[in-house]
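Trainee: File target.txt below, compact mmCIF, C-alpha atoms and all ligand atoms:
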```
# COMPACT_ATOMS: atom_id res chain seq x y z
CA MET A 1 44.02 5.45 21.91
CA GLU A 2 43.78 5.19 18.14
CA SER A 3 42.83 1.50 18.29
CA LEU A 4 40.17 2.29 20.89
CA GLN A 5 38.70 4.89 18.55
CA SER A 6 38.72 2.58 15.54
CA LYS A 7 37.11 -0.16 17.67
CA ALA A 8 34.35 2.30 18.65
CA THR A 9 33.86 3.22 14.95
CA GLU A 10 33.69 -0.47 14.03
CA ASP A 11 31.14 -1.10 16.79
CA THR A 12 28.99 1.82 15.60
CA LYS A 13 29.13 0.50 12.02
CA GLU A 14 28.11 -2.98 13.17
CA GLU A 15 25.21 -1.56 15.21
CA GLY A 16 24.09 0.51 12.18
CA ALA A 17 24.21 -2.57 9.95
CA ALA A 18 22.18 -4.60 12.47
CA VAL A 19 19.50 -1.86 12.72
CA ASP A 20 19.36 -1.61 8.92
CA ALA A 21 19.02 -5.40 8.49
CA GLU A 22 16.30 -5.71 11.13
CA LEU A 23 14.29 -2.73 9.89
CA ALA A 24 14.59 -3.73 6.22
CA LYS A 25 13.42 -7.25 7.14
CA ALA A 26 10.40 -5.87 9.04
CA ILE A 27 9.51 -3.59 6.13
CA MET A 28 9.78 -6.26 3.45
CA ALA A 29 7.77 -8.68 5.61
CA ARG A 30 4.78 -6.38 5.06
CA GLY A 31 4.39 -7.82 1.57
CA PHE A 32 2.83 -11.15 0.70
CA ARG A 33 1.67 -12.97 -2.39
CA PRO A 34 -1.80 -14.49 -2.79
CA SER A 35 -1.80 -18.17 -1.85
CA VAL A 36 -4.21 -18.97 -4.68
CA ILE A 37 -3.58 -17.45 -8.09
CA GLY A 38 -6.87 -15.97 -9.32
CA VAL A 39 -7.94 -14.34 -12.56
CA GLU A 40 -6.40 -11.02 -11.56
CA ALA A 41 -2.78 -10.70 -10.41
CA TRP A 42 -2.19 -8.63 -7.27
CA GLU A 43 0.41 -8.11 -4.56
CA GLY A 44 -0.59 -8.09 -0.92
CA TYR A 45 0.60 -5.82 1.90
CA ARG A 46 -0.30 -5.63 5.58
CA PHE A 47 -0.49 -2.22 7.22
CA HIS A 48 -2.70 -0.88 10.00
CA ASP A 49 -3.74 -4.51 10.64
CA GLN A 50 -5.45 -4.64 7.24
CA GLU A 51 -4.73 -6.50 4.03
CA ILE A 52 -4.14 -4.25 1.05
CA LYS A 53 -4.36 -5.62 -2.49
CA ILE A 54 -2.39 -3.78 -5.13
CA LYS A 55 -2.74 -4.37 -8.85
CA GLU A 56 0.36 -3.52 -10.82
CA SER A 57 0.79 -3.16 -14.54
CA THR A 58 4.15 -3.37 -16.23
CA ASP A 59 3.62 -0.85 -19.02
CA VAL A 60 4.37 2.38 -17.11
CA TYR A 61 6.79 3.27 -14.26
CA GLY A 62 4.05 4.37 -11.89
CA ALA A 63 2.12 1.13 -12.18
CA VAL A 64 4.76 -0.87 -10.30
CA LEU A 65 5.12 -0.70 -6.54
CA TRP A 66 8.60 0.43 -5.40
CA PRO A 67 10.20 -0.50 -2.05
CA SER A 68 10.36 3.18 -1.02
CA ALA A 69 6.57 3.15 -0.74
CA MET A 70 6.78 0.28 1.76
CA VAL A 71 9.43 2.15 3.75
CA LEU A 72 7.23 5.25 4.02
CA CYS A 73 4.13 3.17 4.89
CA HIS A 74 6.04 1.28 7.59
CA PHE A 75 7.15 4.56 9.12
CA LEU A 76 3.61 5.99 9.10
CA ASP A 77 2.17 2.81 10.60
CA THR A 78 4.76 2.56 13.38
CA ASN A 79 4.87 6.26 14.28
CA ARG A 80 1.17 6.98 14.61
CA ASP A 81 1.59 8.89 17.86
CA LYS A 82 4.25 11.29 16.66
CA TYR A 83 2.85 11.63 13.13
CA ASN A 84 -0.89 11.44 13.74
CA LEU A 85 -2.64 11.61 10.37
CA LEU A 86 -6.21 11.64 11.71
CA ASP A 87 -8.18 14.40 9.93
CA LYS A 88 -4.98 15.79 8.42
CA ASN A 89 -4.80 17.22 4.89
CA VAL A 90 -2.31 15.17 2.95
CA ILE A 91 -1.14 15.20 -0.65
CA GLU A 92 0.89 12.44 -2.27
CA LEU A 93 3.13 13.18 -5.27
CA GLY A 94 3.82 10.43 -7.81
CA ALA A 95 1.48 8.04 -6.02
CA GLY A 96 1.96 5.22 -8.55
CA THR A 97 -0.05 2.20 -7.47
CA GLY A 98 -1.39 4.02 -4.41
CA LEU A 99 -0.03 2.09 -1.41
CA VAL A 100 1.06 5.23 0.48
CA THR A 101 -2.25 6.97 -0.23
CA ILE A 102 -4.16 3.90 0.98
CA VAL A 103 -2.17 3.55 4.21
CA ALA A 104 -2.45 7.29 4.98
CA SER A 105 -6.23 7.03 4.41
CA LEU A 106 -6.51 3.98 6.67
CA LEU A 107 -4.74 6.09 9.29
CA GLY A 108 -7.51 8.69 9.01
CA ALA A 109 -6.07 11.31 6.66
CA LYS A 110 -7.90 13.26 3.94
CA VAL A 111 -5.65 12.39 1.02
CA THR A 112 -5.25 13.92 -2.41
CA SER A 113 -3.45 11.30 -4.45
CA THR A 114 -1.67 12.60 -7.55
CA ASP A 115 0.26 11.35 -10.53
CA LEU A 116 0.54 11.57 -14.33
CA PRO A 117 -2.66 11.05 -16.39
CA ASP A 118 -1.61 7.60 -17.68
CA VAL A 119 -1.29 6.23 -14.17
CA LEU A 120 -4.57 7.50 -12.73
CA GLY A 121 -6.81 4.61 -13.89
CA ASN A 122 -4.88 1.92 -12.04
CA LEU A 123 -4.29 4.26 -9.10
CA GLN A 124 -8.00 5.01 -8.76
CA TYR A 125 -8.83 1.31 -8.99
CA ASN A 126 -6.39 0.37 -6.19
CA VAL A 127 -7.37 3.30 -4.01
CA LEU A 128 -11.11 2.65 -4.21
CA ARG A 129 -10.78 -1.08 -3.79
CA ASN A 130 -8.79 -0.67 -0.57
CA THR A 131 -10.38 2.38 1.04
CA LYS A 132 -14.12 2.04 0.33
CA ASP A 133 -16.01 1.31 3.59
CA ARG A 134 -12.71 1.18 5.49
CA CYS A 135 -11.67 4.83 5.82
CA LYS A 136 -13.06 7.99 7.32
CA TYR A 137 -12.27 9.85 4.09
CA ILE A 138 -12.19 8.41 0.57
CA PRO A 139 -9.04 9.78 -1.12
CA SER A 140 -9.39 12.00 -4.14
CA VAL A 141 -7.29 10.88 -7.10
CA THR A 142 -6.25 13.60 -9.49
CA GLU A 143 -3.67 14.63 -12.05
CA LEU A 144 -0.64 16.61 -10.92
CA ILE A 145 2.15 16.91 -13.46
CA TRP A 146 5.09 18.43 -11.60
CA GLY A 147 5.57 22.08 -12.37
CA GLN A 148 2.49 22.35 -14.61
CA GLU A 149 -0.39 24.63 -13.58
CA VAL A 150 0.29 23.87 -9.94
CA GLU A 151 -0.92 27.26 -8.65
CA GLN A 152 -4.08 27.08 -10.80
CA ARG A 153 -4.91 23.56 -9.65
CA PHE A 154 -3.70 23.88 -6.02
CA PRO A 155 -3.87 27.58 -5.07
CA ARG A 156 -1.84 28.23 -1.93
CA ALA A 157 -4.61 30.38 -0.48
CA THR A 158 -7.09 27.49 -0.40
CA HIS A 159 -4.89 24.36 -0.39
CA CYS A 160 -2.97 24.03 2.85
CA PHE A 161 -1.50 20.59 3.38
CA ASP A 162 -0.31 19.27 6.73
CA PHE A 163 1.80 16.62 5.00
CA ILE A 164 3.29 16.04 1.57
CA LEU A 165 4.13 12.38 1.03
CA ALA A 166 6.47 11.19 -1.71
CA ALA A 167 8.13 7.83 -2.36
CA ASP A 168 10.77 7.29 -5.02
CA VAL A 169 10.05 10.39 -7.06
CA VAL A 170 13.72 11.24 -7.70
CA TYR A 171 15.41 9.23 -10.42
CA ALA A 172 16.75 9.79 -13.93
CA HIS A 173 13.81 11.78 -15.31
CA PRO A 174 14.05 15.27 -16.81
CA TYR A 175 11.62 16.93 -14.37
CA LEU A 176 13.71 17.30 -11.21
CA ASN A 177 13.51 21.12 -11.31
CA GLU A 178 9.74 20.93 -11.76
CA LEU A 179 9.50 18.46 -8.89
CA MET A 180 11.48 20.83 -6.65
CA ASP A 181 9.21 23.73 -7.62
CA THR A 182 6.15 21.60 -6.85
CA PHE A 183 7.46 20.76 -3.35
CA ASP A 184 8.19 24.47 -2.94
CA HIS A 185 4.69 25.51 -3.99
CA LEU A 186 2.83 22.96 -1.87
CA CYS A 187 4.97 23.25 1.26
CA GLN A 188 3.69 26.08 3.44
CA GLU A 189 4.92 27.24 6.87
CA ASN A 190 3.30 24.34 8.75
CA THR A 191 3.62 21.60 6.15
CA GLN A 192 5.84 18.59 6.75
CA ILE A 193 7.29 16.61 3.87
CA LEU A 194 7.83 12.87 4.37
CA TRP A 195 9.93 11.68 1.48
CA ALA A 196 11.48 8.25 0.85
CA MET A 197 14.47 8.61 -1.45
CA ARG A 198 15.98 5.67 -3.30
CA PHE A 199 19.62 6.41 -4.07
CA ARG A 200 20.70 5.40 -7.56
CA LEU A 201 23.20 7.47 -9.53
CA ASP A 202 24.43 11.02 -9.57
CA PRO A 203 23.30 13.55 -10.71
CA GLU A 204 19.83 12.76 -9.37
CA ASN A 205 21.23 11.90 -5.93
CA ARG A 206 22.41 15.52 -5.73
CA PHE A 207 18.75 16.50 -5.57
CA VAL A 208 19.08 15.95 -1.80
CA ASP A 209 21.70 18.75 -1.54
CA ARG A 210 19.54 21.06 -3.61
CA PHE A 211 16.52 20.17 -1.49
CA GLN A 212 18.45 21.21 1.60
CA GLN A 213 18.99 24.69 0.18
CA ARG A 214 15.23 25.26 0.38
CA PHE A 215 14.11 23.00 3.21
CA HIS A 216 15.32 21.74 6.55
CA LEU A 217 15.97 18.03 6.31
CA GLU A 218 15.95 15.41 9.03
CA GLU A 219 16.93 11.82 8.34
CA LEU A 220 14.34 9.45 9.83
CA TYR A 221 15.59 6.13 8.42
CA ASP A 222 18.84 5.11 6.80
CA LEU A 223 18.57 1.76 5.04
CA PRO A 224 21.76 1.10 3.06
CA SER A 225 20.66 -2.47 2.28
CA LEU A 226 17.72 -1.03 0.30
CA SER A 227 19.63 2.13 -0.82
CA ILE A 228 16.77 4.13 0.70
CA LYS A 229 16.63 6.99 3.17
CA LEU A 230 13.48 8.45 4.64
CA TYR A 231 13.50 12.18 5.26
CA ARG A 232 11.32 14.73 6.97
CA GLY A 233 11.49 18.14 5.34
CA TRP A 234 10.02 21.47 6.29
CA ARG A 235 10.29 24.98 5.01
CA ARG A 236 13.23 27.07 6.04
CA GLY A 237 12.17 30.17 7.95
CA ARG A 238 11.59 33.38 6.05
CA GLU A 239 14.61 34.99 7.79
CA THR A 240 16.88 32.18 6.64
CA ARG A 241 15.73 32.56 3.05
CA ASP A 242 16.06 36.35 3.14
CA HIS A 243 19.55 35.95 4.55
CA ARG A 244 20.50 33.49 1.81
CA GLU A 245 19.09 35.71 -0.93
CA ALA A 246 20.94 38.72 0.50
CA ALA A 247 24.19 36.74 0.60
CA ALA A 248 23.81 35.55 -3.04
C1 LIG A 301 9.36 5.23 -9.35
S1 LIG A 301 7.66 5.59 -9.41
C2 LIG A 301 7.19 5.58 -7.70
C3 LIG A 301 5.74 5.27 -7.53
C4 LIG A 301 5.29 5.14 -6.07
N1 LIG A 301 5.47 6.38 -5.35
C5 LIG A 301 6.03 4.01 -5.36
O1 LIG A 301 6.96 4.30 -4.61
O2 LIG A 301 5.69 2.85 -5.61
C6 LIG A 301 7.66 7.35 -9.79
C7 LIG A 301 6.29 7.98 -9.88
O3 LIG A 301 6.40 9.36 -10.23
C8 LIG A 301 5.48 9.65 -11.27
N2 LIG A 301 5.99 10.75 -12.10
C9 LIG A 301 7.08 10.74 -12.91
N3 LIG A 301 7.24 11.90 -13.52
C10 LIG A 301 6.22 12.70 -13.12
C11 LIG A 301 5.84 14.04 -13.41
N4 LIG A 301 6.53 14.78 -14.28
N5 LIG A 301 4.75 14.54 -12.80
C12 LIG A 301 4.05 13.78 -11.92
N6 LIG A 301 4.36 12.50 -11.59
C13 LIG A 301 5.43 11.97 -12.20
C14 LIG A 301 5.38 8.36 -12.05
O4 LIG A 301 4.21 8.27 -12.84
C15 LIG A 301 5.42 7.34 -10.93
O5 LIG A 301 4.16 7.07 -10.39
```
Represent the structure contained in this file as structure tokens.
Mentor:
Amino acid sequence: MESLQSKATEDTKEEGAAVDAELAKAIMARGFRPSVIGVEAWEGYRFHDQEIKIKESTDVYGAVLWPSAMVLCHFLDTNRDKYNLLDKNVIELGAGTGLVTIVASLLGAKVTSTDLPDVLGNLQYNVLRNTKDRCKYIPSVTELIWGQEVEQRFPRATHCFDFILAADVVYAHPYLNELMDTFDHLCQENTQILWAMRFRLDPENRFVDRFQQRFHLEELYDLPSLSIKLYRGWRRGRETRDHREAAA
């Protein structure tokens, strides 16, 4: 009996590893390098049957494209029926080089792409270059420093987002509380959060547990080979929160 159970566990592990390997391969195959090196360096990606050219710069964190962004884009591109972005209001946090914003825009969303001030120049450049004359809505690129003037800049009464997108925004930076508060502010009753999390070290990995205290969390992808999970989050019901506050 015991050996049957351990065989079943082994089989499940092997199946999980095979799914991970296949999915990770499909995701990484989205990237390509230019065959001819030109004056300007760029990385290429294929999503929504289109070539996307991304310029990186090595001086700041947000100017490099991280694999989590590819994971989130792959999910959006291959789940268009279930997560239809056409005409949806979408905000991206920590957009970096803009790949997620660009793919969401190609899929028909109205995207507000946000990041720190230093990153916005390169982000705007990539976004415009890849969305102009290709998308129903040109994304708006704007500053959003987590936790700072979020209500003034994105009042809940007038800014209702269908989706919040975030790729690799949790790592060893000192603004995890501010990031959580920003998710909390922007996520209304009908908002869905699609968040690709790259697991590195504790304590930042514990952000997931803290996130679950405020939001429901569903795991959409588990990719151990990339140390990335993709989650869908949504606001816990008012009753649940009231119950938790009463119990505290
Ligand atoms: C690891 S990069 C990920 C970039 C992009 N999402 C990707 O996956 O390629 C983290 C991003 O979060 C942004 N960021 C870091 N701290 C921030 C803060 N306090 N407020 C807003 N954005 C921040 C960085 O500028 C950067 O673009």
Trainee: Go ahead and fit an axis-aligned box to every listed atom of ligand LIG 301 (chain A) plus 3 Å each side, and pass me the centre and edge lengths in Å, one decimal, as lines of an AutoDock Vina configuration file.
Mentor:
```
center_x = 6.7
center_y = 8.8
center_z = -9.4
size_x = 11.3
size_y = 17.9
size_z = 15.7
```
Trainee: Residues contacting ligand LIG 301 (chain A) - anything with an atom at most 10 Å away, using only C-alpha atoms and all ligand atoms - can you give me those as a PyMOL selection string?
Mentor: chain A and resi 56+60-73+92-101+114-120+123+143-148+165-179+182+195-198
Trainee: Nearest to Trp42 of chain A: which of A:Arg129, A:Pro224, A:Ile102, A:Phe207 is it, counting only C-alpha atoms?
Mentor: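 With only C-alpha atoms as the atom set, the closest residue is A:Arg129.
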Trainee: Would you mind telling me which residue in A:Asn130, A:Thr12, A:Gln213, A:Thr191 lies nearest to Arg46 of chain A when using all atoms listed in the file?
Mentor: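 Of A:Asn130, A:Thr12, A:Gln213, A:Thr191, the one nearest Arg46 of chain A, counting all atoms listed in the file, is A:Asn130.
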Trainee: Would you compute the distance between atom CA of Ile164 of chain A and atom CA of Cys187 of chain A? Give it in Å to one decimal.
Mentor: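 Here the two named atoms are 7.4 Å from each other.
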